[in-house]
Structure formats: C-alpha cells, structure tokens
file data.cif (mmCIF, C-alpha atoms)
data_work
loop_
_atom_site.label_atom_id
_atom_site.label_comp_id
_atom_site.auth_asym_id
_atom_site.auth_seq_id
_atom_site.Cartn_x
_atom_site.Cartn_y
_atom_site.Cartn_z
CA MET A 1468 31.98 10.63 -4.92
CA SER A 1469 28.86 8.69 -5.82
CA THR A 1470 26.09 7.49 -3.55
CA LEU A 1471 23.85 4.45 -3.63
CA HIS A 1472 20.36 5.30 -2.38
CA LEU A 1473 18.33 2.42 -0.96
CA VAL A 1474 14.69 3.52 -0.87
CA ARG A 1475 12.56 1.30 1.38
CA GLN A 1476 9.45 3.38 2.11
CA SER A 1477 6.35 4.30 0.15
CA ALA A 1478 6.30 7.97 -0.86
CA PHE A 1479 2.52 7.84 -0.39
CA ALA A 1480 3.06 7.23 3.34
CA THR A 1481 6.31 9.07 4.19
CA ASN A 1482 8.42 11.83 2.60
CA ASP A 1483 11.65 9.77 2.61
CA PHE A 1484 11.66 9.43 -1.18
CA ALA A 1485 11.15 13.18 -1.61
CA GLN A 1486 14.09 13.81 0.73
CA CYS A 1487 16.20 11.31 -1.23
CA LEU A 1488 15.43 13.08 -4.51
CA SER A 1489 16.34 16.44 -3.01
CA VAL A 1490 19.95 15.29 -2.44
CA VAL A 1491 20.43 12.87 -5.35
CA ASP A 1492 23.37 13.62 -7.68
CA HIS A 1493 23.71 12.77 -11.39
CA GLN A 1494 26.31 10.02 -10.80
CA ASP A 1495 24.26 8.30 -8.05
CA SER A 1496 22.10 5.19 -8.25
CA ILE A 1497 18.71 4.53 -6.70
CA VAL A 1498 17.44 1.10 -5.68
CA LEU A 1499 13.75 0.65 -4.85
CA MET A 1500 13.20 -2.20 -2.40
CA ASP A 1501 10.43 -3.34 -0.02
CA ASP A 1502 7.67 -0.69 0.13
CA GLY A 1503 9.92 1.63 -1.90
CA CYS A 1504 8.67 -0.34 -4.95
CA TYR A 1505 5.34 1.50 -4.63
CA ASN A 1506 7.19 4.66 -5.71
CA LEU A 1507 7.21 3.24 -9.28
CA LYS A 1508 3.67 4.63 -9.55
CA HIS A 1509 4.32 7.91 -7.73
CA SER A 1510 4.34 11.25 -9.56
CA LEU A 1511 7.80 11.93 -8.05
CA MET A 1512 9.13 8.99 -10.11
CA ASP A 1513 7.61 10.33 -13.35
CA SER A 1514 9.24 13.72 -12.83
CA LEU A 1515 12.55 12.07 -11.81
CA ILE A 1516 12.68 10.00 -15.02
CA LYS A 1517 12.05 13.15 -17.08
CA ARG A 1518 14.64 15.13 -15.11
CA VAL A 1519 17.57 12.68 -15.31
CA GLU A 1520 17.01 11.31 -18.85
CA GLY A 1521 18.92 8.09 -18.20
CA THR A 1522 22.02 9.60 -16.55
CA LEU A 1523 21.01 8.18 -13.17
CA GLY A 1524 20.68 4.44 -12.53
CA ILE A 1525 17.20 3.61 -11.26
CA HIS A 1526 16.80 0.00 -10.15
CA VAL A 1527 14.09 -2.09 -8.53
CA ILE A 1528 14.32 -5.50 -6.85
CA THR A 1529 12.27 -7.70 -9.18
CA SER A 1530 10.85 -10.04 -6.53
CA HIS A 1531 9.82 -7.15 -4.27
CA ALA A 1532 7.87 -5.49 -7.10
CA GLN A 1533 6.36 -8.79 -8.26
CA ALA A 1534 5.17 -9.62 -4.73
CA ARG A 1535 3.28 -6.31 -4.74
CA ALA A 1536 1.75 -6.92 -8.21
CA LEU A 1537 3.58 -3.89 -9.64
CA ASP A 1538 4.47 -3.59 -13.33
CA ILE A 1539 8.04 -2.52 -14.07
CA THR A 1540 8.48 0.04 -16.84
CA ALA A 1541 11.32 0.12 -19.38
CA GLU A 1542 13.14 3.09 -17.78
CA ILE A 1543 13.72 1.04 -14.63
CA GLN A 1544 16.33 -1.73 -14.40
CA HIS A 1545 15.23 -5.02 -12.82
CA ILE A 1546 17.82 -6.43 -10.43
CA GLU A 1547 18.14 -9.17 -7.82
CA MET A 1548 19.18 -8.74 -4.19
CA SER A 1549 22.63 -10.17 -5.08
CA ASP A 1550 23.17 -7.31 -7.56
CA VAL A 1551 22.86 -4.82 -4.67
CA VAL A 1552 26.14 -6.17 -3.31
CA GLU A 1553 27.91 -5.18 -6.52
CA LEU A 1554 26.23 -1.77 -6.52
CA THR A 1555 27.51 -1.07 -2.99
CA PHE A 1556 31.07 -1.70 -4.22
CA ASN A 1557 30.58 0.57 -7.24
CA HIS A 1558 29.61 3.56 -5.10
CA THR A 1559 31.60 5.48 -2.48
CA LYS A 1560 28.80 5.42 0.10
CA VAL A 1561 25.31 4.14 0.79
CA ILE A 1562 22.27 5.93 2.22
CA THR A 1563 19.28 3.87 3.34
CA TRP A 1564 16.01 5.83 3.29
CA GLN A 1565 13.77 4.17 5.85
CA MET B 157 -20.34 15.81 3.99
CA THR B 158 -24.03 16.52 4.57
CA SER B 159 -26.17 15.41 7.48
CA SER B 160 -28.59 13.67 5.09
CA ASN B 161 -25.71 11.49 3.84
CA ILE B 162 -24.86 10.38 7.36
CA LYS B 163 -28.47 9.61 8.11
CA GLU B 164 -28.87 7.60 4.94
CA ILE B 165 -25.95 5.28 5.72
CA SER B 166 -26.94 5.03 9.41
CA ASP B 167 -30.40 3.90 8.30
CA LEU B 168 -28.85 1.14 6.21
CA SER B 169 -26.94 -0.21 9.20
CA PRO B 170 -28.52 1.04 12.44
CA ASP B 171 -26.25 -1.07 14.68
CA SER B 172 -22.95 -0.61 12.93
CA GLY B 173 -20.65 -2.28 15.45
CA LEU B 174 -16.89 -2.10 15.01
CA ALA B 175 -15.00 -0.29 12.25
CA ILE B 176 -11.43 -1.36 11.45
CA ILE B 177 -9.32 1.05 9.41
CA ASN B 178 -6.42 -0.44 7.45
CA SER B 179 -3.84 2.20 6.58
CA LYS B 180 -0.58 0.31 5.99
CA ALA B 181 0.86 -1.58 3.02
CA PRO B 182 0.70 -5.39 3.42
CA PHE B 183 4.28 -6.71 3.54
CA SER B 184 6.48 -4.34 5.56
CA SER B 185 4.65 -4.44 8.90
CA ASN B 186 2.35 -6.71 10.91
CA ASN B 187 -0.48 -4.15 10.96
CA GLY B 188 -2.48 -5.79 8.17
CA LYS B 189 -2.25 -9.25 9.73
CA ASP B 190 -3.21 -7.88 13.16
CA ALA B 191 -6.26 -6.10 11.71
CA LEU B 192 -7.29 -9.32 9.95
CA ASP B 193 -6.98 -11.32 13.20
CA VAL B 194 -9.12 -8.80 15.11
CA ALA B 195 -11.75 -8.78 12.35
CA LEU B 196 -12.01 -12.58 12.31
CA ILE B 197 -12.14 -12.81 16.13
CA PHE B 198 -15.00 -10.30 16.26
CA GLY B 199 -16.65 -12.14 13.38
CA SER B 200 -16.46 -15.51 15.14
CA PHE B 201 -18.22 -13.98 18.18
CA GLU B 202 -20.95 -12.72 15.84
CA GLN B 203 -20.02 -9.09 16.38
CA LYS B 204 -20.63 -6.86 13.40
CA VAL B 205 -17.41 -5.65 11.75
CA SER B 206 -16.87 -3.20 8.89
CA LEU B 207 -13.50 -2.87 7.18
CA PHE B 208 -12.12 0.39 5.82
CA PHE B 209 -9.10 0.64 3.53
CA GLN B 210 -7.44 4.03 3.31
CA GLY B 211 -4.03 5.38 2.22
CA ASP B 212 -1.41 2.66 1.69
CA GLY B 213 -3.93 0.21 3.21
CA VAL B 214 -5.61 -0.07 -0.20
CA TYR B 215 -2.57 -2.08 -1.39
CA GLN B 216 -3.85 -4.96 0.80
CA LEU B 217 -6.77 -5.49 -1.61
CA ILE B 218 -4.95 -5.37 -4.94
CA ALA B 219 -5.11 -8.55 -7.04
CA ASN B 220 -2.15 -10.73 -8.13
CA GLN B 221 0.10 -10.11 -5.13
CA ASP B 222 2.38 -12.89 -3.90
CA GLY B 223 3.93 -12.58 -0.44
CA SER B 224 5.88 -15.83 -0.87
CA LEU B 225 8.27 -13.96 -3.22
CA VAL B 226 9.43 -11.89 -0.24
CA SER B 227 9.25 -14.82 2.22
CA ILE B 228 6.04 -13.64 3.86
CA LYS B 229 3.17 -15.97 4.71
CA ASP B 230 0.44 -14.55 2.51
CA TYR B 231 -2.34 -13.58 4.95
CA LEU B 232 -4.11 -11.70 2.14
CA LYS B 233 -5.53 -15.00 0.87
CA THR B 234 -7.49 -15.27 4.14
CA PHE B 235 -9.50 -12.18 3.09
CA SER B 236 -11.66 -14.53 1.02
CA ALA B 237 -12.97 -15.98 4.33
CA PHE B 238 -14.72 -12.71 5.25
CA GLU B 239 -18.07 -13.88 3.89
CA PHE B 240 -18.03 -16.91 6.23
CA TYR B 241 -17.57 -14.55 9.19
CA ASP B 242 -20.46 -12.32 7.98
CA ILE B 243 -18.07 -9.47 7.23
CA ASP B 244 -19.90 -7.90 4.29
CA ASP B 245 -19.15 -4.20 4.65
CA ILE B 246 -15.79 -3.54 3.04
CA TYR B 247 -15.11 0.04 2.02
CA VAL B 248 -12.23 1.46 -0.01
CA CYS B 249 -11.28 5.11 -0.28
CA GLN B 250 -11.51 6.00 -3.98
CA GLN B 251 -9.10 8.94 -3.67
CA SER B 252 -6.40 6.63 -2.24
CA LEU B 253 -6.75 4.37 -5.31
CA VAL B 254 -6.58 7.32 -7.71
CA ASN B 255 -3.48 8.79 -6.01
CA ARG B 256 -1.69 5.43 -6.38
CA GLN B 257 -2.79 4.89 -10.03
CA LEU B 258 -4.54 1.65 -9.00
CA ASP B 259 -7.45 0.04 -10.87
CA GLU B 260 -10.43 -1.32 -8.99
CA ASN B 261 -9.04 -4.82 -9.48
CA PHE B 262 -9.32 -6.54 -6.09
CA HIS B 263 -8.63 -10.12 -4.96
CA ILE B 264 -11.97 -10.32 -3.11
CA ASN B 265 -15.51 -9.57 -4.30
CA ASP B 266 -18.15 -7.18 -2.96
CA VAL B 267 -15.77 -4.36 -2.15
CA GLN B 268 -17.36 -0.91 -2.12
CA VAL B 269 -15.27 1.92 -3.51
CA LEU B 270 -16.49 5.21 -2.01
CA PRO B 271 -15.58 8.84 -2.70
CA SER B 272 -14.11 10.72 0.29
CA SER B 273 -17.39 12.16 1.63
CA GLU B 274 -19.24 8.84 1.59
CA PHE B 275 -16.21 7.00 2.99
CA ALA B 276 -16.22 9.46 5.89
CA SER B 277 -20.00 9.07 6.42
CA ALA B 278 -19.72 5.28 6.43
CA LEU B 279 -16.95 5.47 9.02
CA ASN B 280 -18.69 8.07 11.16
CA CYS B 281 -21.79 5.94 11.72
CA HIS B 282 -19.70 3.41 13.67
CA LYS B 283 -19.53 3.69 17.43
CA HIS B 284 -16.14 1.95 17.84
CA VAL B 285 -13.09 2.32 15.62
CA LEU B 286 -9.70 0.57 15.58
CA ARG B 287 -6.96 1.79 13.24
CA PHE B 288 -4.07 -0.36 12.04
#
call {"tool": "encode", "arguments": {"input": "data.cif", "output": "structure tokens"}}
result
Amino acid sequence: MSTLHLVRQSAFATNDFAQCLSVVDHQDSIVLMDDGCYNLKHSLMDSLIKRVEGTLGIHVITSHAQARALDITAEIQHIEMSDVVELTFNHTKVITWQ
Amino acid sequence: MTSSNIKEISDLSPDSGLAIINSKAPFSSNNGKDALDVALIFGSFEQKVSLFFQGDGVYQLIANQDGSLVSIKDYLKTFSAFEFYDIDDIYVCQQSLVNRQLDENFHINDVQVLPSSEFASALNCHKHVLRF
C-alpha cells in the first residue's frame, strides 16, 4: 500500500506539509505543486531529505517552481503535470494536502 | 519596540494615509492582485498609500518570477508603475525573508527591508490598514 502525496500549500503559511510528513511512509511519493513548491526552501524539506536518504520519491512540477523563481536541487526530481498521471497509477491511493 | 522609534517614523511621514499589508503568495489566490488594484486606485486619487509585505506576501516581490508558466496573467509586472502613482513607501519584513531563505533580490527598486520592530513601527503610524 503506497500513497501519492500532492502538496499544494506553503509550509510557511499552513501546517499541511508538516501533517503530510507525519504520515508519510518509506514507499510513498511526494509531489510539490502550486504553492507547495515553496517548501523546497523550508527546513522541513532539509530534514526530510536527510531522513529518507533517497528511499522516498520527492518530485516537483518544473513549471510551477520556475514560475516562482525557485531553484531545484539535485535531490528533487523535476516532473511535468503529465507525469503526475503515471504516478497516480503507480500508487494505491492519493492524498491531496490543500 | 520603543516609543522613540514610533515617533521617529511618524515624524518622517506625519500624514501616513493608508497601509496595505500583503500576506499571501502571488499565484494561488487573487489577494495580491486585489491589493495592487486598491493601491493603484488610492494612488490615482492622490491618496497616500504605503505597502507592507509580510509572511508569504514577500514572494510577490522576488525577482525572475513568471506567472505565464502557470497560465496566470502576471500582475507583478505592474508593480513597476508604483512610482507613477507616488507610492514610494514599500516595506518588507526582514524576518519573513530570512525564514524563507530569500535574498533581497526584488523586481522593483526602492524597497525598504525592515527588522520586525521597525516594520511594526512603520505600520503602527498609519491610521487605516487593509490586509490581503
């Protein structure tokens, strides 16, 4: 049972991302989209990357990050909106954090 | 915050007019666009307006953004019109920038980055406040 987490809110404004990380499992994937892209620069993301050491897929929608003038680091996979479709099929369920 | 601080800023702008606080990120809601519209309307009626950027609102000022990538009409470009509407007092909360690991690299000039106490003093010398 794996879950795809769609994170759409800034962790600087809401605690949705913190709640997401409290239930995330090692076989899950996270997609940052819309204001969720701002979480790339949040301390929660730094500690998440250290904690999972590559076992968890962390993705960001390239155009959403680019629109916000955010740099994407190497630990994060750049994807397009069309790739989200495939991710939904590869996971048992989807949770949207918004 | 000290009373001398408040006095100092009040002396700089005795009739401080309207303060508009921007607290939301630019692309996921209409708040930023609405605040901009209100600021320009007040400006065109020669009412004095000061702009405050706090929390996620600071993202509205960051350089190299492109709303067209997410199919949004980029109202941020209109910020460069502020000087023609005599909107000169633009304040940014320094702590909000630090929390978000943002540099002071803005897409408009003459932005004043203030530490929390001075940001509060600047806001508190305004009689009317709208928050978006």
call {"tool": "resolve_selection", "arguments": {"input": "data.cif", "expression": "the PyMOL selection byres ((chain B and resi 221) around 7)", "output": "list in words"}}
result
Ala1534, Arg1535 and Ala1536 of chain A; Ile218, Ala219, Asn220, Asp222 and Gly223 of chain B
call {"tool": "residues_around", "arguments": {"input": "data.cif", "residues": "B:Ser252", "least_positions_apart": "2", "cutoff": "9 Å", "atoms": "all atoms listed in the file", "output": "PyMOL selection string"}}
result
chain B and resi 209-214+248-250+254-258
call {"tool": "atom_distance", "arguments": {"input": "data.cif", "atom1": "atom CA of A:Met1548", "atom2": "atom CA of A:Asn1506"}}
result
18.0 Å
call {"tool": "resolve_selection", "arguments": {"input": "data.cif", "expression": "the PyMOL selection byres ((chain B and resi 227) around 12)", "output": "ChimeraX atom specification"}}
result
/A:1501,1530-1531,1534 /B:183-184,222-226,228-231
call {"tool": "write_last_selection", "arguments": {"input": "data.cif", "atoms": "C-alpha atoms", "output": "PDB file, in the frame of the given file"}}
result
ATOM      1  CA  ASP A1501      10.430  -3.340  -0.020  1.00  0.00           C
ATOM      2  CA  SER A1530      10.850 -10.040  -6.530  1.00  0.00           C
ATOM      3  CA  HIS A1531       9.820  -7.150  -4.270  1.00  0.00           C
ATOM      4  CA  ALA A1534       5.170  -9.620  -4.730  1.00  0.00           C
TER       5      ALA A1534
ATOM      6  CA  PHE B 183       4.280  -6.710   3.540  1.00  0.00           C
ATOM      7  CA  SER B 184       6.480  -4.340   5.560  1.00  0.00           C
ATOM      8  CA  ASP B 222       2.380 -12.890  -3.900  1.00  0.00           C
ATOM      9  CA  GLY B 223       3.930 -12.580  -0.440  1.00  0.00           C
ATOM     10  CA  SER B 224       5.880 -15.830  -0.870  1.00  0.00           C
ATOM     11  CA  LEU B 225       8.270 -13.960  -3.220  1.00  0.00           C
ATOM     12  CA  VAL B 226       9.430 -11.890  -0.240  1.00  0.00           C
ATOM     13  CA  ILE B 228       6.040 -13.640   3.860  1.00  0.00           C
ATOM     14  CA  LYS B 229       3.170 -15.970   4.710  1.00  0.00           C
ATOM     15  CA  ASP B 230       0.440 -14.550   2.510  1.00  0.00           C
ATOM     16  CA  TYR B 231      -2.340 -13.580   4.950  1.00  0.00           C
TER      17      TYR B 231
END
call {"tool": "residues_around", "arguments": {"input": "data.cif", "residues": "B:Asp193", "least_positions_apart": "5", "cutoff": "10 Å", "atoms": "only C-alpha atoms", "output": "VMD selection string"}}
result
chain B and resid 187 to 188 198 to 199 231 234
call {"tool": "decode", "arguments": {"input": "data.cif", "residues": "stretch 1528-1542 of chain A", "atoms": "N, CA and C atoms", "output": "mmCIF file, in the first residue's frame"}}
result
data_model
loop_
_atom_site.group_PDB
_atom_site.id
_atom_site.type_symbol
_atom_site.label_atom_id
_atom_site.label_comp_id
_atom_site.auth_asym_id
_atom_site.auth_seq_id
_atom_site.Cartn_x
_atom_site.Cartn_y
_atom_site.Cartn_z
ATOM 1 N N ILE A 1528 6.809 19.932 -9.728
ATOM 2 C CA ILE A 1528 6.384 20.296 -11.081
ATOM 3 C C ILE A 1528 7.277 21.443 -11.558
ATOM 4 N N THR A 1529 8.055 21.178 -12.612
ATOM 5 C CA THR A 1529 9.070 22.138 -13.049
ATOM 6 C C THR A 1529 8.506 23.529 -13.312
ATOM 7 N N SER A 1530 7.388 23.587 -14.069
ATOM 8 C CA SER A 1530 6.868 24.910 -14.443
ATOM 9 C C SER A 1530 6.369 25.684 -13.224
ATOM 10 N N HIS A 1531 5.825 24.974 -12.224
ATOM 11 C CA HIS A 1531 5.323 25.643 -11.026
ATOM 12 C C HIS A 1531 6.473 26.258 -10.215
ATOM 13 N N ALA A 1532 7.602 25.552 -10.161
ATOM 14 C CA ALA A 1532 8.772 26.070 -9.441
ATOM 15 C C ALA A 1532 9.415 27.225 -10.216
ATOM 16 N N GLN A 1533 9.495 27.051 -11.544
ATOM 17 C CA GLN A 1533 10.092 28.096 -12.390
ATOM 18 C C GLN A 1533 9.302 29.394 -12.310
ATOM 19 N N ALA A 1534 7.970 29.277 -12.324
ATOM 20 C CA ALA A 1534 7.110 30.468 -12.253
ATOM 21 C C ALA A 1534 7.390 31.256 -10.990
ATOM 22 N N ARG A 1535 7.764 30.542 -9.912
ATOM 23 C CA ARG A 1535 8.018 31.176 -8.624
ATOM 24 C C ARG A 1535 9.502 31.514 -8.421
ATOM 25 N N ALA A 1536 10.301 31.411 -9.458
ATOM 26 C CA ALA A 1536 11.734 31.720 -9.408
ATOM 27 C C ALA A 1536 12.459 30.887 -8.348
ATOM 28 N N LEU A 1537 12.086 29.604 -8.246
ATOM 29 C CA LEU A 1537 12.714 28.723 -7.259
ATOM 30 C C LEU A 1537 13.728 27.813 -7.938
ATOM 31 N N ASP A 1538 14.907 27.674 -7.340
ATOM 32 C CA ASP A 1538 15.911 26.737 -7.853
ATOM 33 C C ASP A 1538 15.549 25.337 -7.386
ATOM 34 N N ILE A 1539 15.798 24.344 -8.264
ATOM 35 C CA ILE A 1539 15.506 22.959 -7.886
ATOM 36 C C ILE A 1539 16.824 22.249 -7.619
ATOM 37 N N THR A 1540 16.925 21.643 -6.438
ATOM 38 C CA THR A 1540 18.170 20.970 -6.054
ATOM 39 C C THR A 1540 18.203 19.545 -6.601
ATOM 40 N N ALA A 1541 19.382 18.930 -6.538
ATOM 41 C CA ALA A 1541 19.610 17.623 -7.164
ATOM 42 C C ALA A 1541 18.789 16.505 -6.530
ATOM 43 N N GLU A 1542 18.487 16.619 -5.232
ATOM 44 C CA GLU A 1542 17.742 15.551 -4.536
ATOM 45 C C GLU A 1542 16.292 15.453 -5.016
#
